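Everything on this sheet refers to the single structure shown next.
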Amino acid sequence: MTFSPRLYAGRFAPSPTGALHFGSLVAAVGSFLEARSHQGRWLLRIEDIDAPRCVPGAAEDILATLERFGFEWDEAPVWQSRRGEAYEAALEQLKARGFAYPCACTRRDLAAAPAARDGSHRYPGTCRDGLPPGRSARAWRVRADGRIHFVDAVQGPQEVDLAADAGDYIVRRADGLFAYQLAVVVDDAAAGITDVVRGADLLDSTARQIHLQRLLGAPRPNYTHLPLATNAAGEKLSKQTLARAIGDRAPAVALVAALRFLGHNPPDTLAHASLTELWHWAQTHWSLSAVPRCRQAVASGFY
Ligand code: GLU
């Protein structure tokens, strides 16, 4: 792989599984303002790799909403569905170095394995030293050993024992699709992303991504995991929890709410101001140190 130089570059990487909701707006606002406060570039990536979960038209709808809210991105968006060759090349690199191996296990085989932090199963290592006799390869996994340390700019120091957490994880699924962990690492490296700012639901994926960066020789970005917006029941806002589409709201009202969620105090009048005034205020007052040091918070009134 070849990598671009390390000028500040941030990104927002929505999955087009539904319309943009308040939680995704918070990630967009945080990553955009962090990039601009570092005079950096801000890029968009449409994470439409998991085709069965994508909703037709959702990506276009997300882009139109971002534009209407006054976000400005610096390059044409990258679509993961068009990046298969790059993921294939990364997988070949992992295979060639013996880091990846084929796995025959089905969901049923793994049902009794202990749960990892992110709710998946910890892989018990069944196919690590070769496929069991009579079984054929379904997915590809990466050997995951050792500890990963990183300091998240909001969530603080993190330490993950890879083997004790998810264990050897999937990089190519049984249905042939590349896993999110692989795609995100390949794409961030190819785009020269220096700073990943996103919701804290992805904090648990970060150690695996850092591990893959090491195996692929890709640079490690800085990580900032913003508090995750939840409903009153503490559930992540999503299509499943019936989060309301943010595009139905007045942009300035929603942006003021996102800034407040991120610990800032825009005056009430900004909710009725022009987007130019609003973004000017936001860029002048943005400070990562104001963001609450918590993993999740209720998005009162915005779900
Ligand atoms: N596509 C992921 C999501 O919408 C975000 C991935 C990332 O920011 O790394 O939750």
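By convention in this document, the chains of the structure tokens carry letters A, B, ... by their order, each chain's residues are numbered from 1, and ligands are numbered from 1 in the order they are shown.
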
Find the spatial neighbours of Gly156 of chain A, counting only C-alpha atoms, within a cut-off of 10 Å - ignore same-chain residues fewer than 4 positions away - and output them as a compact mmCIF listing (two decimals) with C-alpha atoms, in the first residue's frame.
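Result file is out09.txt:
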# COMPACT_ATOMS: atom_id res chain seq x y z
CA PHE A 150 -3.94 3.95 22.72
CA VAL A 151 -4.99 7.25 24.21
CA ASP A 152 -8.35 8.48 23.00
CA TYR A 223 -8.58 8.71 17.81
CA THR A 224 -11.38 10.80 19.29
CA HIS A 225 -14.55 9.00 20.31
CA ARG A 293 -15.77 12.88 28.93
CA CYS A 294 -18.44 10.18 28.80

Show me a table, sorted first by chain and then by increasing residue number, of the residues of chain A having an atom at most 6 Å from ligand 1, each with its shortest atom pair and the distance in Å to one decimal, counting only C-alpha atoms and all ligand atoms and written as a Markdown table.
| residue | atom | partner | partner_atom_place_in_ligand_line | distance |
| --- | --- | --- | --- | --- |
| A:Ala13 | CA | ligand 1 | 8 (O) | 4.9 |
| A:Pro14 | CA | ligand 1 | 4 (O) | 3.9 |
| A:Ser15 | CA | ligand 1 | 4 (O) | 4.2 |
| A:Glu47 | CA | ligand 1 | 1 (N) | 5.2 |
| A:Arg198 | CA | ligand 1 | 8 (O) | 5.1 |

Selection near His21 of chain A, 7 Å with only C-alpha atoms, sequence-local residues under 4 positions removed, as a PDB file with all heavy atoms, in the first residue's frame:
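Result went into part.pdb, see below:
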ATOM      1  N   LEU A  25     -25.375  13.113  13.101  1.00  0.00           N
ATOM      2  CA  LEU A  25     -25.102  14.551  12.976  1.00  0.00           C
ATOM      3  C   LEU A  25     -24.015  14.970  13.982  1.00  0.00           C
ATOM      4  O   LEU A  25     -23.125  15.752  13.649  1.00  0.00           O
ATOM      5  CB  LEU A  25     -26.385  15.362  13.208  1.00  0.00           C
ATOM      6  CG  LEU A  25     -26.194  16.878  13.085  1.00  0.00           C
ATOM      7  CD1 LEU A  25     -25.905  17.276  11.638  1.00  0.00           C
ATOM      8  CD2 LEU A  25     -27.411  17.639  13.598  1.00  0.00           C
ATOM      9  N   ALA A 243     -34.918   6.085  15.374  1.00  0.00           N
ATOM     10  CA  ALA A 243     -34.440   7.473  15.467  1.00  0.00           C
ATOM     11  C   ALA A 243     -35.044   8.285  14.322  1.00  0.00           C
ATOM     12  O   ALA A 243     -35.144   7.804  13.195  1.00  0.00           O
ATOM     13  CB  ALA A 243     -32.921   7.511  15.390  1.00  0.00           C
ATOM     14  N   ARG A 244     -35.400   9.506  14.640  1.00  0.00           N
ATOM     15  CA  ARG A 244     -36.021  10.364  13.635  1.00  0.00           C
ATOM     16  C   ARG A 244     -34.967  10.895  12.656  1.00  0.00           C
ATOM     17  O   ARG A 244     -33.822  11.175  13.055  1.00  0.00           O
ATOM     18  CB  ARG A 244     -36.653  11.517  14.408  1.00  0.00           C
ATOM     19  CG  ARG A 244     -37.562  12.339  13.607  1.00  0.00           C
ATOM     20  CD  ARG A 244     -38.299  13.299  14.518  1.00  0.00           C
ATOM     21  NE  ARG A 244     -38.668  14.437  13.702  1.00  0.00           N
ATOM     22  CZ  ARG A 244     -39.312  15.488  14.146  1.00  0.00           C
ATOM     23  NH1 ARG A 244     -39.648  15.561  15.414  1.00  0.00           N
ATOM     24  NH2 ARG A 244     -39.613  16.478  13.341  1.00  0.00           N
ATOM     25  N   ALA A 245     -35.354  11.040  11.392  1.00  0.00           N
ATOM     26  CA  ALA A 245     -34.414  11.580  10.394  1.00  0.00           C
ATOM     27  C   ALA A 245     -34.139  13.040  10.712  1.00  0.00           C
ATOM     28  O   ALA A 245     -35.067  13.825  10.890  1.00  0.00           O
ATOM     29  CB  ALA A 245     -35.013  11.448   9.001  1.00  0.00           C
ATOM     30  N   ILE A 246     -32.857  13.399  10.793  1.00  0.00           N
ATOM     31  CA  ILE A 246     -32.495  14.770  11.173  1.00  0.00           C
ATOM     32  C   ILE A 246     -32.821  15.747  10.033  1.00  0.00           C
ATOM     33  O   ILE A 246     -33.039  16.931  10.258  1.00  0.00           O
ATOM     34  CB  ILE A 246     -31.000  14.845  11.590  1.00  0.00           C
ATOM     35  CG1 ILE A 246     -30.765  16.050  12.484  1.00  0.00           C
ATOM     36  CG2 ILE A 246     -30.062  14.858  10.418  1.00  0.00           C
ATOM     37  CD1 ILE A 246     -31.303  15.897  13.861  1.00  0.00           C
TER      38      ILE A 246
END

Can you list every residue in segment 225-300 of chain A that DSSP puts in strand (DSSP E or B), as an MDAnalysis selection string?
-> chainID A and resid 225:226 228:230 236 296:298

Can you spit out the residues from that selection as a CSV table (one decimal), in the first residue's frame, using C-alpha atoms?
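File written: again-v6.csv
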chain,number,residue,atom,x,y,z
A,225,HIS,CA,-14.5,9.0,20.3
A,226,LEU,CA,-17.4,11.4,21.0
A,228,LEU,CA,-22.8,8.4,21.8
A,229,ALA,CA,-26.3,9.9,21.5
A,230,THR,CA,-28.9,7.6,23.0
A,236,LYS,CA,-28.0,4.1,20.5
A,296,GLN,CA,-22.9,8.1,26.0
A,297,ALA,CA,-25.5,10.6,26.8
A,298,VAL,CA,-29.2,11.1,26.2

Separation of atom CA of Ala183 of chain A and atom CA of Tyr87 of chain A, in Å?
->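 One can read the atom CA of Ala183 of chain A to atom CA of Tyr87 of chain A distance as 6.2 Å.
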
Hey, what's within 6 Å of Ala139 of chain A if we count only C-alpha atoms and toss same-chain stuff fewer than 4 positions away? As a PyMOL selection string, please?
-> chain A and resi 102-103+172-174

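Shortest atom-to-atom contact with Leu7 of chain A among A:His121, A:Pro267, A:Arg141, A:Arg41: A:Arg41, counting only C-alpha atoms.
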
Spatial neighbours of Ile210 of chain A, max dist 10 Å, only C-alpha atoms, sep filter under 5 positions, as a ChimeraX atom specification = /A:148-150,181,185,205,215-216,218-221

Suppose we keep N, CA and C atoms; can you now write the selection as a PDB file, in the first residue's frame?
ATOM      1  N   ILE A 148      -3.116  -3.958  22.803  1.00  0.00           N
ATOM      2  CA  ILE A 148      -3.092  -2.687  22.079  1.00  0.00           C
ATOM      3  C   ILE A 148      -3.347  -1.575  23.095  1.00  0.00           C
ATOM      4  N   HIS A 149      -2.496  -0.563  23.078  1.00  0.00           N
ATOM      5  CA  HIS A 149      -2.682   0.610  23.936  1.00  0.00           C
ATOM      6  C   HIS A 149      -2.901   1.815  23.031  1.00  0.00           C
ATOM      7  N   PHE A 150      -3.834   2.658  23.406  1.00  0.00           N
ATOM      8  CA  PHE A 150      -3.935   3.947  22.724  1.00  0.00           C
ATOM      9  C   PHE A 150      -4.605   4.940  23.667  1.00  0.00           C
ATOM     10  N   GLN A 181     -13.890  -3.823   9.554  1.00  0.00           N
ATOM     11  CA  GLN A 181     -12.581  -3.532  10.156  1.00  0.00           C
ATOM     12  C   GLN A 181     -11.496  -3.388   9.085  1.00  0.00           C
ATOM     13  N   VAL A 185      -9.729   0.435   7.699  1.00  0.00           N
ATOM     14  CA  VAL A 185      -8.281   0.629   7.827  1.00  0.00           C
ATOM     15  C   VAL A 185      -7.665   0.934   6.456  1.00  0.00           C
ATOM     16  N   SER A 205     -14.019  -1.214  18.515  1.00  0.00           N
ATOM     17  CA  SER A 205     -13.435  -1.704  17.258  1.00  0.00           C
ATOM     18  C   SER A 205     -12.018  -1.188  17.068  1.00  0.00           C
ATOM     19  N   LEU A 215      -0.311  -4.683  10.993  1.00  0.00           N
ATOM     20  CA  LEU A 215      -0.042  -5.800  10.085  1.00  0.00           C
ATOM     21  C   LEU A 215       0.145  -5.317   8.650  1.00  0.00           C
ATOM     22  N   LEU A 216      -0.558  -4.253   8.278  1.00  0.00           N
ATOM     23  CA  LEU A 216      -0.489  -3.761   6.898  1.00  0.00           C
ATOM     24  C   LEU A 216       0.561  -2.661   6.737  1.00  0.00           C
ATOM     25  N   ALA A 218       0.363   0.345   7.937  1.00  0.00           N
ATOM     26  CA  ALA A 218      -0.319   1.630   7.728  1.00  0.00           C
ATOM     27  C   ALA A 218      -0.122   2.514   8.960  1.00  0.00           C
ATOM     28  N   PRO A 219      -0.082   3.850   8.770  1.00  0.00           N
ATOM     29  CA  PRO A 219       0.094   4.731   9.927  1.00  0.00           C
ATOM     30  C   PRO A 219      -1.133   4.697  10.838  1.00  0.00           C
ATOM     31  N   ARG A 220      -0.914   4.954  12.150  1.00  0.00           N
ATOM     32  CA  ARG A 220      -2.032   4.968  13.088  1.00  0.00           C
ATOM     33  C   ARG A 220      -2.569   6.401  13.210  1.00  0.00           C
ATOM     34  N   PRO A 221      -3.846   6.605  12.943  1.00  0.00           N
ATOM     35  CA  PRO A 221      -4.399   7.954  13.152  1.00  0.00           C
ATOM     36  C   PRO A 221      -4.596   8.237  14.639  1.00  0.00           C
TER      37      PRO A 221
END

Given the choices A:Glu67, A:Asp74, A:Asp50, A:Asp161, which gets closest to His211 of chain A if the distance is worked out from only C-alpha atoms?
-> A:Asp161

Long-range neighbours of Leu44 of chain A as number ranges by chain, 9 Å cut-off, only C-alpha atoms, 4 positions minimum in chain | A: 10-14, 73-79

Write the residues of the preceding selection, restricted to all heavy atoms, as a JSON list (two decimals), in the first residue's frame.
[["chain", "number", "residue", "atom", "x", "y", "z"],
["A", 10, "GLY", "N", -9.42, 14.75, 8.36],
["A", 10, "GLY", "CA", -10.47, 14.06, 9.11],
["A", 10, "GLY", "C", -11.50, 13.53, 8.14],
["A", 10, "GLY", "O", -11.44, 13.78, 6.93],
["A", 11, "ARG", "N", -12.46, 12.79, 8.68],
["A", 11, "ARG", "CA", -13.50, 12.25, 7.77],
["A", 11, "ARG", "C", -14.76, 11.94, 8.54],
["A", 11, "ARG", "O", -14.77, 11.79, 9.76],
["A", 11, "ARG", "CB", -12.99, 11.06, 7.00],
["A", 11, "ARG", "CG", -12.43, 9.78, 7.62],
["A", 11, "ARG", "CD", -12.79, 9.41, 8.96],
["A", 11, "ARG", "NE", -12.48, 8.04, 9.30],
["A", 11, "ARG", "CZ", -13.29, 7.25, 10.00],
["A", 11, "ARG", "NH1", -14.43, 7.68, 10.45],
["A", 11, "ARG", "NH2", -12.94, 6.02, 10.30],
["A", 12, "PHE", "N", -15.83, 11.86, 7.78],
["A", 12, "PHE", "CA", -17.11, 11.40, 8.30],
["A", 12, "PHE", "C", -17.50, 10.24, 7.39],
["A", 12, "PHE", "O", -17.42, 10.35, 6.17],
["A", 12, "PHE", "CB", -18.14, 12.53, 8.25],
["A", 12, "PHE", "CG", -19.52, 12.12, 8.67],
["A", 12, "PHE", "CD1", -19.74, 11.51, 9.91],
["A", 12, "PHE", "CD2", -20.61, 12.35, 7.84],
["A", 12, "PHE", "CE1", -21.01, 11.13, 10.30],
["A", 12, "PHE", "CE2", -21.89, 11.97, 8.22],
["A", 12, "PHE", "CZ", -22.09, 11.36, 9.45],
["A", 13, "ALA", "N", -17.89, 9.13, 8.02],
["A", 13, "ALA", "CA", -18.04, 7.89, 7.23],
["A", 13, "ALA", "C", -19.39, 7.22, 7.52],
["A", 13, "ALA", "O", -19.43, 6.16, 8.14],
["A", 13, "ALA", "CB", -16.88, 6.95, 7.55],
["A", 14, "PRO", "N", -20.48, 7.82, 7.09],
["A", 14, "PRO", "CA", -21.79, 7.23, 7.40],
["A", 14, "PRO", "C", -22.07, 5.94, 6.63],
["A", 14, "PRO", "O", -21.61, 5.78, 5.49],
["A", 14, "PRO", "CB", -22.78, 8.32, 6.97],
["A", 14, "PRO", "CG", -22.06, 9.09, 5.91],
["A", 14, "PRO", "CD", -20.60, 9.05, 6.28],
["A", 73, "TRP", "N", -17.22, 19.56, 2.15],
["A", 73, "TRP", "CA", -16.16, 18.55, 2.12],
["A", 73, "TRP", "C", -15.20, 18.85, 0.98],
["A", 73, "TRP", "O", -15.54, 19.56, 0.04],
["A", 73, "TRP", "CB", -16.73, 17.13, 2.07],
["A", 73, "TRP", "CG", -17.83, 16.88, 1.09],
["A", 73, "TRP", "CD1", -17.70, 16.34, -0.14],
["A", 73, "TRP", "CD2", -19.23, 17.13, 1.29],
["A", 73, "TRP", "NE1", -18.94, 16.22, -0.73],
["A", 73, "TRP", "CE2", -19.89, 16.70, 0.12],
["A", 73, "TRP", "CE3", -20.00, 17.67, 2.33],
["A", 73, "TRP", "CZ2", -21.29, 16.80, -0.04],
["A", 73, "TRP", "CZ3", -21.38, 17.77, 2.17],
["A", 73, "TRP", "CH2", -22.00, 17.33, 1.00],
["A", 74, "ASP", "N", -13.98, 18.33, 1.12],
["A", 74, "ASP", "CA", -12.90, 18.81, 0.27],
["A", 74, "ASP", "C", -12.62, 17.97, -0.97],
["A", 74, "ASP", "O", -11.83, 18.38, -1.81],
["A", 74, "ASP", "CB", -11.62, 18.94, 1.11],
["A", 74, "ASP", "CG", -11.81, 20.02, 2.17],
["A", 74, "ASP", "OD1", -12.06, 21.17, 1.78],
["A", 74, "ASP", "OD2", -11.74, 19.70, 3.37],
["A", 75, "GLU", "N", -13.19, 16.79, -1.02],
["A", 75, "GLU", "CA", -12.98, 15.95, -2.21],
["A", 75, "GLU", "C", -14.27, 15.21, -2.49],
["A", 75, "GLU", "O", -15.14, 15.12, -1.61],
["A", 75, "GLU", "CB", -11.87, 14.91, -1.95],
["A", 75, "GLU", "CG", -10.49, 15.51, -1.96],
["A", 75, "GLU", "CD", -9.42, 14.51, -1.55],
["A", 75, "GLU", "OE1", -9.66, 13.29, -1.66],
["A", 75, "GLU", "OE2", -8.36, 14.98, -1.10],
["A", 76, "ALA", "N", -14.36, 14.61, -3.66],
["A", 76, "ALA", "CA", -15.54, 13.79, -3.97],
["A", 76, "ALA", "C", -15.60, 12.65, -2.95],
["A", 76, "ALA", "O", -14.56, 12.09, -2.60],
["A", 76, "ALA", "CB", -15.42, 13.25, -5.37],
["A", 77, "PRO", "N", -16.81, 12.31, -2.46],
["A", 77, "PRO", "CA", -16.91, 11.21, -1.49],
["A", 77, "PRO", "C", -16.38, 9.90, -2.05],
["A", 77, "PRO", "O", -16.48, 9.63, -3.26],
["A", 77, "PRO", "CB", -18.41, 11.10, -1.23],
["A", 77, "PRO", "CG", -18.99, 12.40, -1.64],
["A", 77, "PRO", "CD", -18.12, 12.92, -2.75],
["A", 78, "VAL", "N", -15.80, 9.09, -1.17],
["A", 78, "VAL", "CA", -15.34, 7.75, -1.54],
["A", 78, "VAL", "C", -16.48, 6.78, -1.23],
["A", 78, "VAL", "O", -17.11, 6.90, -0.17],
["A", 78, "VAL", "CB", -14.09, 7.39, -0.70],
["A", 78, "VAL", "CG1", -13.75, 5.91, -0.82],
["A", 78, "VAL", "CG2", -12.90, 8.26, -1.12],
["A", 79, "TRP", "N", -16.73, 5.85, -2.13],
["A", 79, "TRP", "CA", -17.78, 4.84, -1.92],
["A", 79, "TRP", "C", -17.10, 3.50, -1.70],
["A", 79, "TRP", "O", -16.38, 3.02, -2.58],
["A", 79, "TRP", "CB", -18.70, 4.76, -3.15],
["A", 79, "TRP", "CG", -19.47, 6.02, -3.39],
["A", 79, "TRP", "CD1", -18.96, 7.23, -3.79],
["A", 79, "TRP", "CD2", -20.89, 6.22, -3.23],
["A", 79, "TRP", "NE1", -19.97, 8.16, -3.89],
["A", 79, "TRP", "CE2", -21.16, 7.57, -3.56],
["A", 79, "TRP", "CE3", -21.95, 5.39, -2.85],
["A", 79, "TRP", "CZ2", -22.45, 8.11, -3.51],
["A", 79, "TRP", "CZ3", -23.23, 5.92, -2.80],
["A", 79, "TRP", "CH2", -23.47, 7.26, -3.13]]

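For the choices A:Val197, A:Leu278, A:Ala271, A:Ala252, the atom-to-atom distance to Phe32 of chain A is smallest for A:Val197 when using only C-alpha atoms.
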
Name the residues of segment 3-122 of chain A that come out as helix (DSSP H, G or I) in a backbone DSSP run; write them as a PyMOL selection string.
-> chain A and resi 22-37+51-53+58-68+80-82+84-96+107-110

Could you pull the residues within 12 Å of Lys239 of chain A, counting only C-alpha atoms, minus those fewer than 5 positions along the same chain, as a list in words?
->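 Counting only C-alpha atoms, the residues come to Ser15, Pro16, Thr17, Gly18, Ala19, Leu20, His21, Phe22, Gly23, Ser24, Arg53, Cys54, Val55, Ala58, Arg244, Ala245, Ile246 and Tyr303 of chain A.
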
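Atom CA of Trp279 of chain A is positioned 13.0 Å from atom CA of His264 of chain A.
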